[in-house]
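Engineer: So here's query_26.cif, just mmCIF, C-alpha atoms:
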```
data_query
loop_
_atom_site.label_atom_id
_atom_site.label_comp_id
_atom_site.auth_asym_id
_atom_site.auth_seq_id
_atom_site.Cartn_x
_atom_site.Cartn_y
_atom_site.Cartn_z
CA MET A 1 48.76 90.89 58.79
CA THR A 2 49.01 88.85 61.94
CA ASP A 3 51.90 88.27 64.24
CA ASP A 4 53.61 84.98 63.84
CA PRO A 5 53.18 83.35 67.22
CA MET A 6 56.23 81.17 66.60
CA THR A 7 58.48 84.20 66.30
CA SER A 8 57.53 85.72 69.67
CA ASP A 9 57.64 82.35 71.43
CA THR A 10 61.15 81.49 70.29
CA LYS A 11 62.74 84.87 70.92
CA PRO A 12 65.71 84.02 73.15
CA PRO A 13 66.08 85.81 76.46
CA ARG A 14 68.88 88.35 76.56
CA PRO A 15 72.13 86.91 77.81
CA PRO A 16 73.04 87.67 81.42
CA THR A 17 75.11 90.77 82.01
CA GLU A 18 78.40 90.75 83.89
CA ALA A 19 76.68 92.56 86.72
CA GLU A 20 74.04 89.83 86.95
CA LEU A 21 76.69 87.10 86.95
CA ALA A 22 78.58 88.87 89.75
CA ARG A 23 75.41 89.09 91.79
CA LEU A 24 74.41 85.51 91.07
CA ALA A 25 77.79 84.36 92.39
CA ASP A 26 77.48 86.22 95.67
CA GLY A 27 73.77 85.58 96.14
CA THR A 28 72.53 89.16 95.81
CA LEU A 29 70.75 88.85 92.48
CA PRO A 30 67.07 89.74 93.01
CA ALA A 31 64.74 86.77 92.94
CA ALA A 32 62.93 88.12 89.89
CA GLU A 33 66.03 87.62 87.75
CA ARG A 34 67.67 84.78 89.59
CA GLU A 35 65.83 81.87 87.98
CA ARG A 36 66.30 83.19 84.45
CA VAL A 37 70.03 83.81 84.93
CA ARG A 38 70.51 80.54 86.77
CA ALA A 39 68.87 78.62 83.93
CA GLN A 40 71.02 80.35 81.35
CA VAL A 41 74.15 79.58 83.34
CA ALA A 42 73.14 75.95 83.76
CA ALA A 43 72.68 75.63 80.01
CA SER A 44 76.10 77.04 79.17
CA PRO A 45 79.35 75.38 80.21
CA GLN A 46 81.13 78.66 79.50
CA LEU A 47 78.86 80.68 81.79
CA SER A 48 79.03 77.94 84.42
CA ALA A 49 82.82 78.23 84.44
CA VAL A 50 82.59 81.99 84.72
CA VAL A 51 80.21 81.86 87.67
CA ALA A 52 82.35 79.17 89.33
CA GLY A 53 85.34 81.54 88.98
CA GLN A 54 83.31 84.39 90.46
CA ALA A 55 82.27 82.20 93.37
CA ARG A 56 85.87 81.12 93.93
CA ALA A 57 87.01 84.73 94.02
CA VAL A 58 84.19 85.64 96.41
CA SER A 59 85.20 82.83 98.73
CA VAL A 60 88.89 83.80 98.62
CA LEU A 61 88.21 87.51 99.13
CA ARG A 62 85.63 87.15 101.86
CA ALA A 63 87.79 84.69 103.77
CA VAL A 64 90.46 87.33 104.25
CA ASP A 65 90.57 87.92 107.94
CA VAL A 66 93.31 90.09 109.27
CA ALA A 67 93.11 92.24 112.34
CA ALA A 68 94.82 95.59 112.57
CA PRO A 69 98.09 95.22 114.46
CA ALA A 70 98.14 96.39 118.05
CA SER A 71 100.60 99.13 117.13
CA LEU A 72 98.18 100.61 114.61
CA ARG A 73 95.36 100.44 117.14
CA ALA A 74 97.51 102.34 119.60
CA ARG A 75 98.27 104.98 116.99
CA THR A 76 94.66 105.46 115.95
CA GLU A 77 93.26 105.35 119.47
CA GLN A 78 95.63 108.11 120.45
CA LEU A 79 94.59 110.01 117.39
CA ALA A 80 90.96 109.87 118.39
CA GLY A 81 91.71 110.74 121.98
CA ALA A 82 90.80 107.18 122.99
CA GLU A 83 87.32 108.37 123.90
CA PRO A 84 84.28 106.39 122.91
CA ARG A 85 82.36 107.96 120.07
CA PRO A 86 78.86 109.09 120.93
CA ALA A 87 76.38 106.35 120.19
CA GLY A 88 73.85 107.41 117.62
CA PRO A 89 70.16 106.65 117.61
CA ALA A 90 68.70 104.18 115.19
CA GLY A 91 69.10 105.57 111.74
CA ARG A 92 72.58 106.73 112.61
CA LEU A 93 72.94 110.46 112.74
CA ARG A 94 75.92 111.63 114.61
CA THR A 95 78.53 114.30 114.75
CA ALA A 96 82.05 113.50 113.90
CA ILE A 97 84.66 114.32 116.47
CA ALA A 98 85.47 118.00 116.59
CA PRO A 99 88.86 119.18 115.38
CA ARG A 100 90.01 120.31 118.79
CA ARG A 101 90.33 116.66 119.68
CA VAL A 102 92.90 116.21 117.00
CA ARG A 103 96.16 117.15 118.50
CA PHE A 104 99.76 116.31 118.43
CA ILE A 105 100.69 113.67 120.89
CA PRO A 106 103.26 114.98 123.33
CA ALA A 107 106.56 113.28 122.85
CA ALA A 108 106.56 112.01 126.41
CA THR A 109 103.24 110.26 125.81
CA ALA A 110 104.41 108.92 122.51
CA LEU A 111 107.44 107.49 124.17
CA ALA A 112 105.39 106.04 126.98
CA VAL A 113 103.25 104.06 124.57
CA ALA A 114 106.04 103.19 122.19
CA VAL A 115 106.51 99.52 121.79
CA VAL A 116 110.09 98.85 122.69
CA ALA A 117 110.75 95.87 120.54
CA VAL A 118 113.59 93.69 121.61
CA ILE A 119 114.69 91.96 118.50
CA VAL A 120 116.57 88.75 118.87
CA LEU A 121 118.98 88.16 116.06
CA THR A 122 120.08 84.69 115.33
CA GLY A 123 123.81 84.28 115.16
CA GLY A 124 126.40 86.99 114.81
CA SER A 125 127.76 89.38 117.35
CA GLY A 126 128.84 92.95 117.48
CA PRO A 127 126.74 95.98 116.69
CA PRO A 128 123.83 96.03 114.26
CA THR A 129 124.70 96.80 110.67
CA VAL A 130 123.60 99.80 108.66
CA GLY A 131 121.54 97.37 106.53
CA GLN A 132 119.68 96.09 109.58
CA THR A 133 119.06 99.63 110.72
CA ALA A 134 117.75 100.53 107.27
CA ARG A 135 115.33 97.61 107.38
CA LEU A 136 113.87 99.01 110.59
CA ALA A 137 113.54 102.33 108.79
CA LEU A 138 111.43 100.53 106.17
CA ALA A 139 109.24 98.72 108.70
CA SER A 140 105.95 99.81 110.26
CA ALA A 141 105.61 102.50 112.90
CA THR A 142 104.58 101.29 116.31
CA ALA A 143 103.78 104.62 117.96
CA PRO A 144 102.39 107.99 116.91
CA ALA A 145 104.56 110.76 115.57
CA PRO A 146 106.16 113.10 118.09
CA ALA A 147 104.89 116.64 118.46
CA PRO A 148 106.78 119.58 117.01
CA ASP A 149 109.40 121.07 119.29
CA SER A 150 107.83 124.13 120.90
CA ALA A 151 111.19 125.92 120.97
CA ASP A 152 112.24 125.21 117.40
CA ARG A 153 109.65 124.72 114.69
CA THR A 154 112.17 122.96 112.46
CA LEU A 155 112.48 120.08 114.93
CA LEU A 156 110.33 117.37 116.44
CA ASP A 157 110.12 117.01 120.19
CA LEU A 158 112.06 113.76 120.14
CA ARG A 159 115.78 113.13 120.49
CA ALA A 160 117.81 109.98 120.25
CA SER A 161 121.26 110.05 121.84
CA GLY A 162 120.85 113.81 122.04
CA ILE A 163 120.19 114.15 118.32
CA PRO A 164 116.87 115.83 117.53
CA PHE A 165 114.71 114.52 114.72
CA PRO A 166 113.98 117.15 112.10
CA ARG A 167 110.64 118.50 111.09
CA TYR A 168 110.86 119.17 107.39
CA VAL A 169 109.18 122.53 107.05
CA ARG A 170 111.03 123.81 104.01
CA GLY A 171 110.74 122.58 100.45
CA GLU A 172 108.99 119.28 99.97
CA ARG A 173 106.66 118.69 102.87
CA TRP A 174 107.64 115.49 104.69
CA GLU A 175 105.23 114.95 107.57
CA ALA A 176 106.26 112.78 110.51
CA ASN A 177 103.61 110.11 110.92
CA GLY A 178 104.96 107.55 113.36
CA THR A 179 107.86 106.20 115.34
CA ARG A 180 109.28 102.93 116.52
CA THR A 181 111.96 102.04 119.02
CA ASP A 182 113.92 98.81 118.78
CA THR A 183 116.86 97.27 120.51
CA VAL A 184 119.13 95.34 118.20
CA ARG A 185 122.17 93.61 119.63
CA GLY A 186 121.97 95.78 122.68
CA ARG A 187 121.73 99.02 120.72
CA ARG A 188 118.66 101.21 120.96
CA ILE A 189 117.48 102.38 117.57
CA VAL A 190 114.86 105.12 117.40
CA THR A 191 113.14 105.66 114.06
CA VAL A 192 110.78 108.40 112.94
CA PHE A 193 108.75 107.83 109.79
CA TYR A 194 107.91 110.60 107.37
CA ARG A 195 105.69 110.71 104.34
CA ALA A 196 105.40 113.26 101.54
CA ASP A 197 102.26 113.30 99.42
CA GLY A 198 102.91 111.74 96.07
CA VAL A 199 106.57 111.10 96.82
CA GLY A 200 106.81 108.28 99.30
CA ARG A 201 107.77 107.26 102.77
CA VAL A 202 111.10 107.22 104.54
CA GLY A 203 112.34 106.19 107.96
CA TYR A 204 115.01 108.16 109.79
CA ALA A 205 116.82 105.94 112.30
CA ILE A 206 119.40 106.92 114.87
CA VAL A 207 121.48 104.19 116.50
CA ALA A 208 122.63 104.75 120.07
CA GLY A 209 126.24 104.07 121.00
CA ARG A 210 129.38 104.15 118.92
CA SER A 211 129.05 104.68 115.21
CA LEU A 212 128.57 101.65 112.98
CA PRO A 213 130.93 100.68 110.17
CA THR A 214 129.94 102.50 106.99
CA PRO A 215 129.10 100.18 104.10
CA SER A 216 131.16 100.43 100.96
CA GLY A 217 129.67 102.44 98.15
CA PRO A 218 129.51 105.96 96.81
CA THR A 219 129.92 108.80 99.26
CA ILE A 220 129.28 112.51 99.09
CA THR A 221 130.86 115.02 101.45
CA ARG A 222 128.94 118.15 102.37
CA ASN A 223 130.09 120.68 104.94
CA GLY A 224 132.65 118.20 106.20
CA VAL A 225 130.13 115.38 106.71
CA ARG A 226 130.50 112.22 104.65
CA TYR A 227 127.20 110.74 103.49
CA ALA A 228 127.33 107.16 102.20
CA LEU A 229 124.68 105.99 99.75
CA GLY A 230 123.57 102.40 99.47
CA ARG A 231 120.77 99.96 98.86
CA VAL A 232 118.90 97.42 100.90
CA GLY A 233 116.68 95.20 98.79
CA ASP A 234 114.66 97.50 96.54
CA ALA A 235 115.14 100.47 98.85
CA ARG A 236 117.81 103.15 98.95
CA LEU A 237 119.54 104.50 101.99
CA VAL A 238 121.87 107.23 103.09
CA THR A 239 123.93 106.96 106.25
CA TRP A 240 126.19 109.38 108.06
CA GLN A 241 127.68 110.01 111.47
CA ARG A 242 126.40 112.67 113.76
CA ALA A 243 127.87 113.39 117.21
CA GLY A 244 129.48 109.94 117.06
CA HIS A 245 126.23 108.12 116.32
CA THR A 246 125.02 106.53 113.13
CA CYS A 247 122.02 108.00 111.34
CA VAL A 248 120.25 106.17 108.51
CA ILE A 249 117.45 107.36 106.26
CA ALA A 250 115.93 104.72 103.99
CA GLY A 251 112.97 104.66 101.65
CA ARG A 252 111.56 102.86 98.65
CA GLY A 253 111.07 104.72 95.43
CA VAL A 254 112.87 107.74 96.86
CA GLY A 255 115.95 108.91 94.97
CA ASP A 256 119.43 109.54 96.35
CA ARG A 257 119.03 113.26 95.83
CA THR A 258 115.92 113.34 98.02
CA LEU A 259 117.54 111.18 100.68
CA LEU A 260 120.53 113.48 100.75
CA ALA A 261 118.32 116.55 101.01
CA LEU A 262 116.54 114.98 103.97
CA ALA A 263 119.84 113.99 105.61
CA THR A 264 121.38 117.43 105.27
CA ALA A 265 118.28 119.44 106.14
CA ASP A 266 119.07 119.74 109.83
CA GLU A 267 122.86 119.75 109.78
CA HIS A 268 122.85 123.27 111.23
CA VAL A 269 121.07 122.08 114.37
CA THR A 270 123.19 121.68 117.48
CA VAL A 271 123.30 118.27 119.08
CA SER A 272 123.01 118.50 122.84
CA MET B 1 89.39 99.39 107.48
CA TYR B 2 92.92 98.05 107.79
CA ARG B 3 92.05 95.15 105.51
CA ALA B 4 90.60 97.51 102.93
CA ALA B 5 93.64 99.75 103.18
CA TRP B 6 95.95 96.79 102.69
CA ALA B 7 94.01 95.71 99.62
CA LEU B 8 94.22 99.23 98.22
CA CYS B 9 97.94 99.67 98.87
CA GLY B 10 99.29 96.14 98.61
CA SER B 11 101.60 96.58 101.58
CA ARG B 12 101.17 96.34 105.31
CA GLU B 13 103.26 99.40 106.12
CA ASP B 14 101.48 101.61 103.60
CA ALA B 15 98.13 100.28 104.82
CA GLU B 16 98.92 101.32 108.37
CA ASP B 17 99.89 104.77 107.20
CA LEU B 18 96.78 105.01 105.05
CA VAL B 19 94.49 104.13 107.96
CA GLN B 20 96.22 106.64 110.20
CA GLU B 21 96.16 109.37 107.58
CA THR B 22 92.51 108.70 106.72
CA LEU B 23 91.46 108.89 110.36
CA THR B 24 93.48 112.06 110.82
CA ARG B 25 91.62 113.67 107.93
CA VAL B 26 88.23 112.39 109.06
CA LEU B 27 88.73 113.60 112.61
CA ALA B 28 90.03 116.96 111.47
CA ARG B 29 86.84 117.92 109.62
CA PRO B 30 83.60 117.76 111.59
CA ARG B 31 80.61 116.69 109.55
CA MET B 32 77.39 114.82 109.87
CA ILE B 33 77.47 111.20 108.85
CA ARG B 34 74.18 109.80 107.74
CA GLY B 35 73.73 106.13 107.12
CA GLU B 36 76.52 103.74 106.23
CA ASP B 37 79.74 104.86 107.88
CA ARG B 38 81.89 102.16 106.27
CA GLY B 39 81.00 103.73 102.95
CA TYR B 40 81.96 107.12 104.27
CA LEU B 41 85.28 105.79 105.52
CA LEU B 42 85.91 104.11 102.18
CA GLN B 43 85.31 107.40 100.45
CA ALA B 44 87.71 109.16 102.81
CA MET B 45 90.27 106.42 102.38
CA ARG B 46 89.98 106.56 98.60
CA ASN B 47 90.53 110.30 98.64
CA THR B 48 93.49 110.02 100.99
CA PHE B 49 94.96 107.29 98.84
CA ALA B 50 94.42 109.30 95.67
CA THR B 51 96.05 112.44 96.99
CA GLY B 52 99.04 111.06 98.70
CA LEU B 53 99.76 107.43 99.07
CA ARG B 54 99.09 106.00 95.63
CA GLY B 55 102.52 106.61 94.12
CA ALA B 56 104.45 105.00 96.88
CA ALA B 57 102.03 102.22 97.50
CA ARG B 58 101.91 100.83 93.97
CA ARG B 59 105.60 100.17 93.71
CA PRO B 60 106.69 96.54 93.70
CA ARG B 61 107.94 95.17 96.96
CA THR B 62 110.67 92.59 97.03
CA ALA B 63 112.74 93.34 100.08
CA ALA B 64 112.11 91.34 103.20
CA LEU B 65 113.14 91.80 106.76
CA ASP B 66 115.33 88.77 106.32
CA ASP B 67 117.50 89.05 109.36
CA VAL B 68 115.51 91.35 111.58
CA GLY B 69 112.41 89.88 113.13
CA GLU B 70 109.32 91.95 113.67
CA PRO B 71 108.08 92.08 117.24
CA ALA B 72 105.44 89.46 117.80
CA ASP B 73 101.84 90.63 117.60
CA ARG B 74 99.40 88.32 119.29
CA ARG B 75 96.71 89.39 116.86
CA ALA B 76 98.76 88.38 113.85
CA PRO B 77 97.57 85.31 111.95
CA ALA B 78 99.62 82.12 111.76
CA PRO B 79 102.42 82.26 109.17
CA ASP B 80 100.63 80.08 106.57
CA ARG B 81 97.45 82.06 106.93
CA ALA B 82 99.38 85.33 106.85
CA ALA B 83 101.04 84.34 103.57
CA GLU B 84 97.64 83.51 102.13
CA VAL B 85 96.16 86.82 103.27
CA ASN B 86 99.17 88.63 101.87
CA GLU B 87 98.77 86.95 98.48
CA VAL B 88 95.08 87.73 98.22
CA LEU B 89 95.44 91.36 99.24
CA GLU B 90 98.40 91.86 96.94
CA ALA B 91 96.36 90.41 94.11
CA VAL B 92 93.61 92.92 94.83
CA ALA B 93 96.16 95.72 94.94
CA GLN B 94 97.31 94.77 91.43
CA LEU B 95 93.84 95.30 89.94
CA PRO B 96 93.12 98.42 87.89
CA GLU B 97 91.92 101.14 90.22
CA ASP B 98 88.21 101.07 89.38
CA PHE B 99 88.06 97.30 89.77
CA ARG B 100 90.14 97.42 92.93
CA LEU B 101 87.92 99.98 94.64
CA ALA B 102 84.78 98.07 93.72
CA VAL B 103 86.18 94.76 94.98
CA VAL B 104 87.41 96.40 98.18
CA ALA B 105 84.00 97.98 98.75
CA VAL B 106 81.89 94.88 98.10
CA ASP B 107 84.07 91.87 98.90
CA ILE B 108 86.48 93.24 101.50
CA LEU B 109 84.38 95.85 103.31
CA GLY B 110 81.10 94.04 102.72
CA LEU B 111 79.14 97.01 101.38
CA SER B 112 76.08 96.35 99.26
CA TYR B 113 76.35 97.30 95.60
CA ALA B 114 74.13 100.30 96.25
CA GLU B 115 76.27 101.49 99.17
CA ALA B 116 79.43 100.95 97.16
CA GLY B 117 77.93 102.96 94.32
CA ARG B 118 77.16 105.86 96.63
CA SER B 119 80.66 105.79 98.11
CA LEU B 120 82.43 105.55 94.79
CA ASP B 121 80.15 107.87 92.82
CA ALA B 122 79.12 105.21 90.34
CA ARG B 123 75.91 103.50 89.34
CA GLU B 124 75.09 100.26 91.11
CA ALA B 125 75.28 98.30 87.85
CA THR B 126 78.67 99.84 87.09
CA ILE B 127 79.97 98.74 90.48
CA ALA B 128 78.67 95.21 89.88
CA THR B 129 80.39 95.09 86.50
CA ARG B 130 83.66 96.29 88.01
CA VAL B 131 83.35 93.74 90.79
CA TYR B 132 82.75 91.06 88.17
CA ARG B 133 85.87 92.01 86.23
CA GLY B 134 88.00 92.33 89.34
CA ARG B 135 86.88 88.95 90.56
CA GLN B 136 87.57 87.40 87.17
CA ARG B 137 91.20 88.47 87.44
CA ILE B 138 91.45 87.26 91.02
CA ALA B 139 89.87 83.94 90.03
CA GLU B 140 92.33 83.53 87.17
CA GLN B 141 95.21 84.24 89.49
CA PHE B 142 94.07 81.75 92.08
CA ALA B 143 92.69 79.19 89.66
CA GLN B 144 93.02 75.59 90.63
CA ALA B 145 95.52 74.31 88.13
CA PRO B 146 96.69 70.71 88.48
CA GLY B 147 100.44 70.67 88.99
CA ALA B 148 100.64 74.43 89.42
CA SER B 149 102.72 75.69 92.28
CA ARG B 150 103.28 79.12 93.79
CA GLU B 151 106.85 79.09 92.58
CA GLY B 152 105.83 77.91 89.13
CA SER B 153 106.52 79.95 86.07
CA GLY B 154 102.88 80.31 85.11
CA PRO B 155 100.74 83.18 86.26
CA LYS B 156 98.25 80.91 87.99
CA ARG B 157 98.55 80.21 91.66
CA SER B 158 96.78 77.64 93.73
CA LEU B 159 95.32 78.90 96.95
CA THR B 160 92.20 77.00 97.77
#
```
Would you mind writing the file's structure down as structure tokens?
Structural biologist:
Amino acid sequence: MTDDPMTSDTKPPRPPTEAELARLADGTLPAAERERVRAQVAASPQLSAVVAGQARAVSVLRAVDVAAPASLRARTEQLAGAEPRPAGPAGRLRTAIAPRRVRFIPAATALAVAVVAVIVLTGGSGPPTVGQTARLALASATAPAPAPDSADRTLLDLRASGIPFPRYVRGERWEANGTRTDTVRGRRIVTVFYRADGVGRVGYAIVAGRSLPTPSGPTITRNGVRYALGRVGDARLVTWQRAGHTCVIAGRGVGDRTLLALATADEHVTVS
Amino acid sequence: MYRAAWALCGSREDAEDLVQETLTRVLARPRMIRGEDRGYLLQAMRNTFATGLRGAARRPRTAALDDVGEPADRRAPAPDRAAEVNEVLEAVAQLPEDFRLAVVAVDILGLSYAEAGRSLDAREATIATRVYRGRQRIAEQFAQAPGASREGSGPKRSLT
């Protein structure tokens, strides 16, 4: 019995795989397979459309050009000690920076590099609103987190209008990971950002000067302090008065109970 | 790294936190890095994202700083371009995780398929398949559709 030469000659090549089509679109398909896949694509309007879509996506994705904001650069440079990394020889073998270089940034340094953003509001007068303050608490940090207070491990070494920012050491672990300082309608607003693994991110803002009008909405009184709950966009907030100043904690995806727990965590601390 | 973080998280603020947290973890643990350090950073970023930032980052964002302006950043792109960047990176962030990581590795960070495979603990062909499927979804989202508009009711958006 002999092989039928017609059968082996007409056996169709296997169709291109998704991986091959991806690589054809971005030009990384090895030459050995390129011609075969290209011919198959050319012969099929469906495959041609698929590869055109791949190429369109490649062009959209690779055109994305966005530089890290200056504030993030400042935060990360401080984190790395702002020292140049040792240049490695060809073949790249180098030692990562030793842990002793990772340190808390002293609050004074953090404040020195903080971007004091003067925000110009169009229209309106009077003090900032709680909603505006909450929006700052949802924005990006512009400076590194303050160091822990050496005298009190439950506090950070940063105060706004004499009010210390807490360091949440009990219960759910909320780590401070940045700060920002803004001036809105002449009022200085200092915000510390915290994040808890798997829970979310909140900003704790303290507004200098007289307390702001409390928005309408549900309130809860604990130990004589009235905490007002509210919303700003898709975020929730809690606001209260402390030593005559307004404090706001806001976060997305964080429940009222958590916000209240964060707000009341340091109520025992004396305001100087 | 920031771009990759943004594509992973879908939000600027979370991306900044993710970069900071990743670098904190990388700097805290001395180790030898051999070869492609972008791949190493991607791996570290993926782990950081998986352990802490994923839950918060994947929530939908609708609030805007409507009456409070952000301080100007000279490095920031022009508004039109920024909107475009935002749309693309948000689209990546909406991909299923395996596709998202593969697209971030290959198309955002510019790793080769082999490097991406090493960073993401997957075979090169698997990475290419995930990239293919991620790109297909991106392409569908940004398909050129005559008469389509960004505010239109259809899922397709015109970008190019």
Engineer: Selected by the PyMOL selection byres ((chain B and resi 104) around 9) in the shown coordinates: which residues, as a ChimeraX atom specification?
Structural biologist: /A:61 /B:3-5,7-8,42,92,99-103,105-111,131
Engineer: Enumerate, as a list in words, the residues matched when the PyMOL selection byres ((chain A and resi 29) around 12) is run on the file above.
Structural biologist: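 So the PyMOL selection byres ((chain A and resi 29) around 12) ends up selecting Pro16, Thr17, Glu18, Ala19, Glu20, Leu21, Ala22, Arg23, Leu24, Ala25, Asp26, Gly27, Thr28, Pro30, Ala31, Ala32, Glu33, Arg34, Glu35, Arg36, Val37 and Arg38 of chain A; Ser112, Tyr113, Ala125 and Ala128 of chain B.
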Engineer: Set the distance at 8 Å and use only C-alpha atoms: which residues neighbour Ser119 in chain B once local chain neighbours fewer than 2 positions away are removed? I'd like the list as a compact mmCIF listing (two decimals) with C-alpha atoms, in the frame of the given file.
Structural biologist:
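What follows is the written file selection17.txt:
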```txt
# COMPACT_ATOMS: atom_id res chain seq x y z
CA GLY B 39 81.00 103.73 102.95
CA TYR B 40 81.96 107.12 104.27
CA LEU B 42 85.91 104.11 102.18
CA GLN B 43 85.31 107.40 100.45
CA GLU B 115 76.27 101.49 99.17
CA ALA B 116 79.43 100.95 97.16
CA GLY B 117 77.93 102.96 94.32
CA ASP B 121 80.15 107.87 92.82
CA ALA B 122 79.12 105.21 90.34
```
Engineer: Enumerate, as a list in words, the protein, DNA and RNA residues whose atoms approach (104.3, 101.7, 103.6) to within 8 Å, taking into account only C-alpha atoms and the coordinate frame of the file.
Structural biologist: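 Within 8 Å of (104.3, 101.7, 103.6), the protein and nucleic acid residues are Leu138, Ala139, Ser140 and Arg201 of chain A; Ser11, Arg12, Glu13, Asp14, Ala15, Glu16, Asp17, Ala56 and Ala57 of chain B.
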Engineer: Nearest residue to Asp149 in chain A out of A:Gln46, A:Leu212, A:Arg167, A:Leu237, using all atoms listed in the file?
Structural biologist: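 Smallest separation from Asp149 in chain A among the options: A:Arg167.
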Engineer: Measure the distance from CA of Gln132 in chain A to CA of Leu156 in chain A in Å and round it to one decimal.
Structural biologist: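 Spanning CA of Gln132 in chain A to CA of Leu156 in chain A is a straight-line distance of 24.2 Å.
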Engineer: Which residues match the PyMOL selection byres ((chain A and resi 202) around 7) in the file above, as a PyMOL selection string?
Structural biologist: chain A and resi 137-138+193-195+200-201+203-204+249-251
Engineer: Expressed in Å to a single decimal, how great is the separation between CA of Gly255 in chain A and CA of Ile163 in chain A?
Structural biologist: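 Result for CA of Gly255 in chain A versus CA of Ile163 in chain A: 24.3 Å, one decimal.
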Engineer: Separation of CA of Val50 in chain A and CA of Trp6 in chain B, in Å?
Structural biologist: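 We find that CA of Val50 in chain A and CA of Trp6 in chain B lie 26.8 Å from each other.
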Engineer: Determine the nearest neighbour of chain B from the options A:Thr142, A:Asn223, A:Gln54, A:Ser216, counting all atoms listed in the file.
Structural biologist: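 Going through A:Thr142, A:Asn223, A:Gln54, A:Ser216 one by one, the smallest distance to chain B is for A:Gln54.
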Engineer: Applying 8 Å and only C-alpha atoms, which residues near Leu155 in chain A remain after dropping the ones on its own chain fewer than 6 positions away? List them as an MDAnalysis selection string.
Structural biologist: chainID A and resid 148:149 164:168
Engineer: Counting only C-alpha atoms, which of A:Val232, A:Leu158, A:Ala141, A:Val238 gets nearest to Asp182 in chain A?
Structural biologist: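 For Asp182 in chain A, the nearest of the candidates is A:Ala141.
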Engineer: For each of B:Met1, B:Ala143, B:Ile127, B:Ala91, take the minimum atom-to-atom distance to Asp37 in chain B, counting all atoms listed in the file, then give the residue where this is smallest.
Structural biologist: B:Met1
Engineer: Find the residue from A:Ala208, A:Ala39, A:Ala68, A:Ala265 that sits nearest to Ala243 in chain A; use all atoms listed in the file when measuring.
Structural biologist: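 Distance minimum relative to Ala243 in chain A lands on A:Ala208.
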Engineer: Show me the residues around (125.0, 100.3, 122.7) - criterion: an atom at most 8 Å away, all atoms listed in the file counted - as a compact mmCIF listing (two decimals) with C-alpha atoms, keeping the file's coordinate frame.
Structural biologist:
```
# COMPACT_ATOMS: atom_id res chain seq x y z
CA PRO A 127 126.74 95.98 116.69
CA ARG A 185 122.17 93.61 119.63
CA GLY A 186 121.97 95.78 122.68
CA ARG A 187 121.73 99.02 120.72
CA ARG A 188 118.66 101.21 120.96
CA ALA A 208 122.63 104.75 120.07
CA GLY A 209 126.24 104.07 121.00
CA ARG A 210 129.38 104.15 118.92
```
Engineer: Ranking B:Asn47, B:Gln94, B:Thr22, B:Thr129 by minimum distance to chain A and counting all atoms listed in the file, which one comes first?
Structural biologist: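 Looking at the shortest contact to chain A, the residue is B:Thr129.
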